[in-house]
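J.: Take a look at the following structure, please.
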Amino acid sequence: MPEQLTLYLYKASPYSQKAEMALLEANAPYKGYQVDLFNKPEWFAGKVNPIGKVPVVTYGGPDVDPEDPSPLSAKIAESNVILEFVADLYPDSGLLPKDPVLRANVRFFIDATTKHVQEPFFAFLRGLESYENVLKGIEFIQGLLDESREFAVGDHYTIADTCIIPHIARLKIVTENDIGKFPVGMGYKLGEELKGPKFAKFMKYVERMLERPSFKQTHDEGFVITAFKRVFAGRVQ
Ligand SMILES: N[C@@H](CCC(=O)N[C@@H](CS)C(=O)NCC(=O)O)C(=O)O
């Protein structure tokens with residue numbers, strides 16, 4: 001029997017979706033527990049993550065009720081750390097390739113996604129940066145993609161693919177619904193730019209990845225829209 005694994009998550013969180021997608025891609029047995037981030041249970045910071053953020057994986061120890069976590073389990077936070085942890089638990093999943101150069105490429109892609117997609121996207125969403133920075137970041141990532149290959153790195157699905165897609169799915173929602181603290185219409189404008197020939201390679205890659213069962217099974221678009229409207233409702237005019 002594998003050790004117990006519980007994932008504390010929030011469905012609107014791209015970081016949580018990364019962790020859950022990796023578990024599904026590895027065919028890992030796990031228990032998912034949704035933490036209400038607008039009304040966090042008291043035990044969560046005390047017993048799971050002192051900084052109160054999701055995702056967190058508890059691993060090992062007794063198989064307990066997620067609302068009563070055991071001090072005997074390991075607590076693993078930070079989505080990129082969780083991605084590598086799942087890949088380490090399931091080395092035959094191919095989530096991290098065996099070849100050292102490909103492993104380095106996967107880690108570079110993850111680092112690039114954090115710096116060039118995640119950070120400018122959330123700054124745009126908060127009304128702090130222009131959509132041009134989002135496009136610049138996507139251009140950088142597009143430069144890492146190889147048109148002749150299906151995946152971000154090598155010939156197999158890896159945690160590089162897992163890392164980027166939840167952010168892009170939210171970017172799509174923002175551009176289709178114009179949700180964010182940016183000036184009205186900027187979300188739509190960003191969406192139009194992304195439809196142009198300049199980003200065709202990137203968008204084809206995204207379309208393929210959005211078809212992945214691990215994405216579809218973990219994505220609740222309505223839930224994300226409601227949460228994003230709640231968090232990013234105010235606007236800068
Ligand atoms: N760097 C962290 C970010 C995690 C994060 O920001 N989680 C948000 C949800 S998207 C959260 O739990 N926020 C609750 C809070 O800050 O109280 C990761 O990659 O896991």
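Following the order of the structure tokens, chains are lettered A, B, ..., residues in each are numbered from 1, and ligands are numbered from 1.
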Once you count only C-alpha atoms and all ligand atoms, what closest atom pair and distance in Å to one decimal does each residue of chain A within 9 Å of ligand 1 have, with rows by chain and rising residue number, as a Markdown table?
T.:
```
| residue | atom | partner | partner_atom_place_in_ligand_line | distance |
| --- | --- | --- | --- | --- |
| A:Leu9 | CA | ligand 1 | 12 (O) | 8.0 |
| A:Tyr10 | CA | ligand 1 | 9 (C) | 6.8 |
| A:Lys11 | CA | ligand 1 | 10 (S) | 8.9 |
| A:Ala12 | CA | ligand 1 | 10 (S) | 7.0 |
| A:Ser13 | CA | ligand 1 | 10 (S) | 3.9 |
| A:Pro14 | CA | ligand 1 | 10 (S) | 6.0 |
| A:Tyr15 | CA | ligand 1 | 20 (O) | 5.1 |
| A:Ser16 | CA | ligand 1 | 20 (O) | 7.1 |
| A:Lys18 | CA | ligand 1 | 19 (O) | 8.9 |
| A:Ala19 | CA | ligand 1 | 20 (O) | 8.7 |
| A:Val35 | CA | ligand 1 | 12 (O) | 8.7 |
| A:Leu37 | CA | ligand 1 | 14 (C) | 5.7 |
| A:Phe38 | CA | ligand 1 | 17 (O) | 8.1 |
| A:Lys40 | CA | ligand 1 | 17 (O) | 8.0 |
| A:Ile51 | CA | ligand 1 | 16 (O) | 7.3 |
| A:Gly52 | CA | ligand 1 | 17 (O) | 5.3 |
| A:Lys53 | CA | ligand 1 | 12 (O) | 3.2 |
| A:Val54 | CA | ligand 1 | 12 (O) | 4.0 |
| A:Pro55 | CA | ligand 1 | 20 (O) | 5.5 |
| A:Val56 | CA | ligand 1 | 20 (O) | 7.7 |
| A:Ala77 | CA | ligand 1 | 20 (O) | 6.3 |
| A:Glu78 | CA | ligand 1 | 20 (O) | 3.5 |
| A:Ser79 | CA | ligand 1 | 20 (O) | 3.8 |
| A:Asn80 | CA | ligand 1 | 19 (O) | 5.9 |
| A:Val81 | CA | ligand 1 | 19 (O) | 8.0 |
| A:Ile82 | CA | ligand 1 | 20 (O) | 8.2 |
| A:Thr114 | CA | ligand 1 | 19 (O) | 8.7 |
```
J.: Just the selected residues (N, CA and C atoms), exported as a short mmCIF file (atom, residue, chain, number, x, y, z; two decimals), in the first residue's frame, please.
T.:
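This is the output file result-v7.cif:
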```
data_model
loop_
_atom_site.label_atom_id
_atom_site.label_comp_id
_atom_site.auth_asym_id
_atom_site.auth_seq_id
_atom_site.Cartn_x
_atom_site.Cartn_y
_atom_site.Cartn_z
N LEU A 9 -6.38 21.96 -1.27
CA LEU A 9 -6.43 22.75 -2.51
C LEU A 9 -7.57 23.75 -2.47
N TYR A 10 -7.58 24.63 -3.46
CA TYR A 10 -8.72 25.51 -3.69
C TYR A 10 -8.92 25.53 -5.21
N LYS A 11 -10.14 25.24 -5.64
CA LYS A 11 -10.39 25.00 -7.07
C LYS A 11 -10.05 26.18 -7.98
N ALA A 12 -10.09 27.41 -7.47
CA ALA A 12 -9.77 28.55 -8.35
C ALA A 12 -8.27 28.79 -8.45
N SER A 13 -7.52 28.16 -7.57
CA SER A 13 -6.08 28.42 -7.49
C SER A 13 -5.30 27.67 -8.57
N PRO A 14 -4.56 28.41 -9.40
CA PRO A 14 -3.79 27.72 -10.44
C PRO A 14 -2.71 26.82 -9.84
N TYR A 15 -2.19 27.24 -8.67
CA TYR A 15 -1.13 26.46 -8.01
C TYR A 15 -1.70 25.11 -7.55
N SER A 16 -2.93 25.15 -7.03
CA SER A 16 -3.58 23.91 -6.59
C SER A 16 -3.83 23.00 -7.78
N LYS A 18 -2.17 22.81 -10.52
CA LYS A 18 -0.90 22.19 -10.94
C LYS A 18 -0.67 20.90 -10.15
N ALA A 19 -0.80 21.01 -8.83
CA ALA A 19 -0.52 19.86 -7.95
C ALA A 19 -1.48 18.71 -8.26
N VAL A 35 -10.01 23.74 0.69
CA VAL A 35 -9.97 24.70 1.79
C VAL A 35 -10.70 25.96 1.32
N LEU A 37 -10.84 29.43 1.09
CA LEU A 37 -9.86 30.49 1.37
C LEU A 37 -10.51 31.77 1.89
N PHE A 38 -11.85 31.91 1.68
CA PHE A 38 -12.54 33.10 2.18
C PHE A 38 -13.00 32.90 3.63
N LYS A 40 -11.16 30.48 6.12
CA LYS A 40 -10.21 29.38 6.38
C LYS A 40 -10.44 28.73 7.73
N ILE A 51 1.74 29.46 6.81
CA ILE A 51 1.46 30.69 6.06
C ILE A 51 0.06 30.67 5.42
N GLY A 52 -0.66 29.60 5.68
CA GLY A 52 -2.09 29.58 5.32
C GLY A 52 -2.39 29.45 3.84
N LYS A 53 -1.41 29.05 3.04
CA LYS A 53 -1.68 28.97 1.59
C LYS A 53 -1.86 27.53 1.12
N VAL A 54 -2.60 27.39 0.03
CA VAL A 54 -2.69 26.11 -0.68
C VAL A 54 -1.92 26.27 -1.99
N PRO A 55 -1.45 25.19 -2.60
CA PRO A 55 -1.63 23.79 -2.20
C PRO A 55 -0.62 23.35 -1.15
N VAL A 56 -1.06 22.31 -0.41
CA VAL A 56 -0.16 21.59 0.49
C VAL A 56 -0.48 20.11 0.35
N ALA A 77 4.66 22.07 0.90
CA ALA A 77 3.99 23.23 0.30
C ALA A 77 4.79 23.72 -0.92
N GLU A 78 4.26 24.72 -1.61
CA GLU A 78 4.83 25.33 -2.82
C GLU A 78 4.59 24.41 -4.02
N SER A 79 3.78 24.92 -4.96
CA SER A 79 3.35 24.06 -6.07
C SER A 79 4.51 23.48 -6.87
N ASN A 80 5.56 24.27 -7.11
CA ASN A 80 6.67 23.72 -7.92
C ASN A 80 7.41 22.62 -7.17
N VAL A 81 7.46 22.75 -5.85
CA VAL A 81 8.08 21.70 -5.02
C VAL A 81 7.20 20.45 -5.07
N ILE A 82 5.90 20.65 -5.00
CA ILE A 82 4.96 19.51 -5.05
C ILE A 82 5.08 18.79 -6.41
N THR A 114 7.23 30.69 -14.16
CA THR A 114 7.00 31.49 -12.95
C THR A 114 7.35 32.96 -13.21
#
```
J.: Name all residues at most 12 Å from A:Pro213 (count only C-alpha atoms; drop same-chain ones fewer than 6 positions away) and give them as a list in words.
T.: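 The filter keeps Glu20, Met21, Ala22, Leu24, Glu25, Asn27, Thr162 and His219 of chain A.
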J.: Can I get the selection written as a short mmCIF file (atom, residue, chain, number, x, y, z; two decimals), in the first residue's frame, with all heavy atoms?
T.:
```cif
data_model
loop_
_atom_site.label_atom_id
_atom_site.label_comp_id
_atom_site.auth_asym_id
_atom_site.auth_seq_id
_atom_site.Cartn_x
_atom_site.Cartn_y
_atom_site.Cartn_z
N GLU A 20 -2.76 19.05 -8.43
CA GLU A 20 -3.75 17.99 -8.66
C GLU A 20 -3.55 17.33 -10.03
O GLU A 20 -3.67 16.11 -10.17
CB GLU A 20 -5.17 18.55 -8.52
CG GLU A 20 -6.18 17.45 -8.39
CD GLU A 20 -7.57 17.91 -7.97
OE1 GLU A 20 -7.92 19.08 -8.23
OE2 GLU A 20 -8.30 17.08 -7.40
N MET A 21 -3.21 18.14 -11.03
CA MET A 21 -2.96 17.58 -12.36
C MET A 21 -1.78 16.60 -12.33
O MET A 21 -1.83 15.53 -12.96
CB MET A 21 -2.69 18.69 -13.37
CG MET A 21 -3.94 19.40 -13.85
SD MET A 21 -3.58 20.88 -14.82
CE MET A 21 -2.69 20.21 -16.21
N ALA A 22 -0.73 16.96 -11.60
CA ALA A 22 0.44 16.07 -11.53
C ALA A 22 0.05 14.74 -10.90
O ALA A 22 0.47 13.67 -11.36
CB ALA A 22 1.57 16.74 -10.76
N LEU A 24 -2.89 13.32 -10.93
CA LEU A 24 -3.68 12.55 -11.90
C LEU A 24 -2.79 11.97 -12.99
O LEU A 24 -2.94 10.82 -13.40
CB LEU A 24 -4.76 13.43 -12.53
CG LEU A 24 -5.94 13.79 -11.64
CD1 LEU A 24 -6.90 14.70 -12.39
CD2 LEU A 24 -6.69 12.55 -11.18
N GLU A 25 -1.84 12.78 -13.48
CA GLU A 25 -0.94 12.30 -14.54
C GLU A 25 -0.11 11.11 -14.05
O GLU A 25 0.26 10.25 -14.84
CB GLU A 25 -0.03 13.43 -15.02
CG GLU A 25 -0.74 14.51 -15.82
CD GLU A 25 -1.10 14.10 -17.25
OE1 GLU A 25 -0.61 13.06 -17.72
OE2 GLU A 25 -1.90 14.84 -17.88
N ASN A 27 -1.18 8.96 -11.94
CA ASN A 27 -2.11 7.91 -11.47
C ASN A 27 -1.95 7.66 -9.98
O ASN A 27 -2.03 6.50 -9.52
CB ASN A 27 -1.85 6.60 -12.20
CG ASN A 27 -2.72 6.50 -13.41
OD1 ASN A 27 -3.89 6.92 -13.37
ND2 ASN A 27 -2.16 5.99 -14.49
N THR A 162 2.54 20.69 -16.95
CA THR A 162 1.60 20.86 -15.82
C THR A 162 1.70 22.27 -15.26
O THR A 162 0.70 22.87 -14.87
CB THR A 162 1.96 19.89 -14.66
OG1 THR A 162 2.33 18.64 -15.19
CG2 THR A 162 0.81 19.72 -13.71
N HIS A 219 -10.58 21.14 -13.76
CA HIS A 219 -10.92 22.53 -14.06
C HIS A 219 -12.40 22.80 -13.88
O HIS A 219 -13.23 22.11 -14.47
CB HIS A 219 -10.52 22.85 -15.50
CG HIS A 219 -10.45 24.32 -15.78
ND1 HIS A 219 -9.64 25.17 -15.07
CD2 HIS A 219 -11.11 25.10 -16.68
CE1 HIS A 219 -9.79 26.39 -15.51
NE2 HIS A 219 -10.68 26.38 -16.49
#
```
J.: Find, counting only C-alpha atoms, the residue in A:Phe44, A:Ile76, A:Asp155, A:Ala112 that gets nearest to A:Phe140.
T.: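 Counting only C-alpha atoms, the residue closest to A:Phe140 is A:Ala112.
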J.: For atom CA of A:Asn133 and atom CA of A:Phe202, quote the distance in Å rounded to one decimal.
T.: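 These two atoms are separated by 15.9 Å.
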J.: For A:Glu221, please output as a PDB file with N, CA and C atoms, in the first residue's frame all residues within 9 Å (counting only C-alpha atoms; exclusion window: fewer than 5 positions along the same chain).
T.:
```pdb
ATOM      1  N   ALA A  12     -10.091  27.407  -7.469  1.00  0.00           N
ATOM      2  CA  ALA A  12      -9.775  28.546  -8.347  1.00  0.00           C
ATOM      3  C   ALA A  12      -8.272  28.786  -8.446  1.00  0.00           C
ATOM      4  N   ALA A 169      -5.013  28.780 -18.583  1.00  0.00           N
ATOM      5  CA  ALA A 169      -6.477  28.588 -18.544  1.00  0.00           C
ATOM      6  C   ALA A 169      -7.133  29.800 -17.870  1.00  0.00           C
ATOM      7  N   ARG A 170      -6.495  30.322 -16.828  1.00  0.00           N
ATOM      8  CA  ARG A 170      -7.044  31.510 -16.148  1.00  0.00           C
ATOM      9  C   ARG A 170      -6.867  32.772 -16.995  1.00  0.00           C
ATOM     10  N   ILE A 173      -9.695  32.778 -19.340  1.00  0.00           N
ATOM     11  CA  ILE A 173     -10.936  33.219 -18.677  1.00  0.00           C
ATOM     12  C   ILE A 173     -10.940  34.747 -18.540  1.00  0.00           C
ATOM     13  N   THR A 226     -16.248  32.936 -10.716  1.00  0.00           N
ATOM     14  CA  THR A 226     -16.850  33.529  -9.513  1.00  0.00           C
ATOM     15  C   THR A 226     -15.768  34.008  -8.548  1.00  0.00           C
TER      16      THR A 226
END
```
J.: Given the choices A:Pro166, A:Pro50, A:Gly180, A:Gly143, which gets closest to A:Ala200 if the distance is worked out from only C-alpha atoms?
T.: A:Gly143
J.: Mind checking DSSP for chain A and telling me the strand (DSSP E or B) residues as number ranges by chain?
T.: A: 5-9, 31-34, 56-59, 74-77
J.: May I have the residues within 12 Å of A:Ala28 as a list in words, using only C-alpha atoms and disregarding those fewer than 3 positions away in the same chain?
T.: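 Contacts, in chain order: Met1, Pro2, Glu3, Gln4, Leu5, Thr6, Leu7, Ala19, Glu20, Met21, Ala22, Leu23, Leu24, Glu25, Lys31, Gly32, Phe85, Val86, Ala87, Asp88, Leu89, Tyr90, Pro91, Asp92, Ser93 and Ser214 of chain A.
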J.: Grab the residues selected above and save them as a PDB file, in the first residue's frame with N, CA and C atoms.
T.:
```
ATOM      1  N   MET A   1       0.842  -1.210   0.000  1.00  0.00           N
ATOM      2  CA  MET A   1       0.000   0.000   0.000  1.00  0.00           C
ATOM      3  C   MET A   1       0.867   1.247   0.000  1.00  0.00           C
ATOM      4  N   PRO A   2       0.617   2.196  -0.937  1.00  0.00           N
ATOM      5  CA  PRO A   2       1.399   3.438  -0.874  1.00  0.00           C
ATOM      6  C   PRO A   2       1.035   4.234   0.378  1.00  0.00           C
ATOM      7  N   GLU A   3       1.901   5.153   0.751  1.00  0.00           N
ATOM      8  CA  GLU A   3       1.630   6.032   1.909  1.00  0.00           C
ATOM      9  C   GLU A   3       0.396   6.887   1.600  1.00  0.00           C
ATOM     10  N   GLN A   4      -0.291   7.311   2.633  1.00  0.00           N
ATOM     11  CA  GLN A   4      -1.432   8.203   2.395  1.00  0.00           C
ATOM     12  C   GLN A   4      -0.934   9.535   1.842  1.00  0.00           C
ATOM     13  N   LEU A   5      -1.705  10.120   0.932  1.00  0.00           N
ATOM     14  CA  LEU A   5      -1.365  11.442   0.380  1.00  0.00           C
ATOM     15  C   LEU A   5      -2.651  12.268   0.321  1.00  0.00           C
ATOM     16  N   THR A   6      -2.630  13.406   0.981  1.00  0.00           N
ATOM     17  CA  THR A   6      -3.796  14.301   0.953  1.00  0.00           C
ATOM     18  C   THR A   6      -3.370  15.632   0.347  1.00  0.00           C
ATOM     19  N   LEU A   7      -4.180  16.115  -0.602  1.00  0.00           N
ATOM     20  CA  LEU A   7      -3.891  17.415  -1.219  1.00  0.00           C
ATOM     21  C   LEU A   7      -4.912  18.432  -0.709  1.00  0.00           C
ATOM     22  N   ALA A  19      -0.805  21.011  -8.826  1.00  0.00           N
ATOM     23  CA  ALA A  19      -0.524  19.861  -7.953  1.00  0.00           C
ATOM     24  C   ALA A  19      -1.482  18.713  -8.260  1.00  0.00           C
ATOM     25  N   GLU A  20      -2.757  19.048  -8.429  1.00  0.00           N
ATOM     26  CA  GLU A  20      -3.746  17.989  -8.659  1.00  0.00           C
ATOM     27  C   GLU A  20      -3.547  17.329 -10.028  1.00  0.00           C
ATOM     28  N   MET A  21      -3.206  18.144 -11.025  1.00  0.00           N
ATOM     29  CA  MET A  21      -2.964  17.575 -12.357  1.00  0.00           C
ATOM     30  C   MET A  21      -1.784  16.602 -12.328  1.00  0.00           C
ATOM     31  N   ALA A  22      -0.729  16.959 -11.604  1.00  0.00           N
ATOM     32  CA  ALA A  22       0.445  16.069 -11.533  1.00  0.00           C
ATOM     33  C   ALA A  22       0.054  14.742 -10.895  1.00  0.00           C
ATOM     34  N   LEU A  23      -0.771  14.798  -9.847  1.00  0.00           N
ATOM     35  CA  LEU A  23      -1.200  13.559  -9.182  1.00  0.00           C
ATOM     36  C   LEU A  23      -2.002  12.681 -10.149  1.00  0.00           C
ATOM     37  N   LEU A  24      -2.885  13.323 -10.935  1.00  0.00           N
ATOM     38  CA  LEU A  24      -3.678  12.545 -11.901  1.00  0.00           C
ATOM     39  C   LEU A  24      -2.785  11.969 -12.992  1.00  0.00           C
ATOM     40  N   GLU A  25      -1.839  12.778 -13.476  1.00  0.00           N
ATOM     41  CA  GLU A  25      -0.941  12.298 -14.538  1.00  0.00           C
ATOM     42  C   GLU A  25      -0.108  11.114 -14.053  1.00  0.00           C
ATOM     43  N   LYS A  31      -6.254  11.902  -1.622  1.00  0.00           N
ATOM     44  CA  LYS A  31      -7.497  12.472  -1.129  1.00  0.00           C
ATOM     45  C   LYS A  31      -7.404  13.973  -1.377  1.00  0.00           C
ATOM     46  N   GLY A  32      -8.412  14.561  -1.978  1.00  0.00           N
ATOM     47  CA  GLY A  32      -8.406  16.017  -2.173  1.00  0.00           C
ATOM     48  C   GLY A  32      -9.295  16.658  -1.128  1.00  0.00           C
ATOM     49  N   PHE A  85       8.002  16.675  -6.210  1.00  0.00           N
ATOM     50  CA  PHE A  85       7.760  15.601  -5.231  1.00  0.00           C
ATOM     51  C   PHE A  85       6.952  14.468  -5.876  1.00  0.00           C
ATOM     52  N   VAL A  86       5.900  14.839  -6.601  1.00  0.00           N
ATOM     53  CA  VAL A  86       5.070  13.813  -7.265  1.00  0.00           C
ATOM     54  C   VAL A  86       5.912  13.070  -8.312  1.00  0.00           C
ATOM     55  N   ALA A  87       6.721  13.822  -9.055  1.00  0.00           N
ATOM     56  CA  ALA A  87       7.583  13.183 -10.066  1.00  0.00           C
ATOM     57  C   ALA A  87       8.585  12.234  -9.394  1.00  0.00           C
ATOM     58  N   ASP A  88       9.074  12.612  -8.213  1.00  0.00           N
ATOM     59  CA  ASP A  88      10.020  11.740  -7.488  1.00  0.00           C
ATOM     60  C   ASP A  88       9.326  10.487  -6.948  1.00  0.00           C
ATOM     61  N   LEU A  89       8.081  10.658  -6.492  1.00  0.00           N
ATOM     62  CA  LEU A  89       7.345   9.496  -5.972  1.00  0.00           C
ATOM     63  C   LEU A  89       7.039   8.499  -7.085  1.00  0.00           C
ATOM     64  N   TYR A  90       6.823   9.032  -8.289  1.00  0.00           N
ATOM     65  CA  TYR A  90       6.432   8.184  -9.427  1.00  0.00           C
ATOM     66  C   TYR A  90       7.434   8.359 -10.568  1.00  0.00           C
ATOM     67  N   PRO A  91       8.639   7.822 -10.395  1.00  0.00           N
ATOM     68  CA  PRO A  91       9.690   8.054 -11.404  1.00  0.00           C
ATOM     69  C   PRO A  91       9.349   7.462 -12.775  1.00  0.00           C
ATOM     70  N   ASP A  92       8.473   6.437 -12.788  1.00  0.00           N
ATOM     71  CA  ASP A  92       8.141   5.841 -14.085  1.00  0.00           C
ATOM     72  C   ASP A  92       7.039   6.597 -14.828  1.00  0.00           C
ATOM     73  N   SER A  93       6.502   7.633 -14.195  1.00  0.00           N
ATOM     74  CA  SER A  93       5.431   8.406 -14.850  1.00  0.00           C
ATOM     75  C   SER A  93       5.983   9.245 -15.997  1.00  0.00           C
ATOM     76  N   SER A 214      -6.310  15.255 -17.529  1.00  0.00           N
ATOM     77  CA  SER A 214      -5.917  15.736 -16.192  1.00  0.00           C
ATOM     78  C   SER A 214      -6.293  17.207 -16.016  1.00  0.00           C
TER      79      SER A 214
END
```
J.: Taking 5 positions as the minimum chain separation for residues in the same chain, which residues sit within 12 Å of A:Glu139 when counting only C-alpha atoms? Answer as a ChimeraX atom specification.
T.: /A:112-113,116-117,132-134,144-145,193-194,197-203
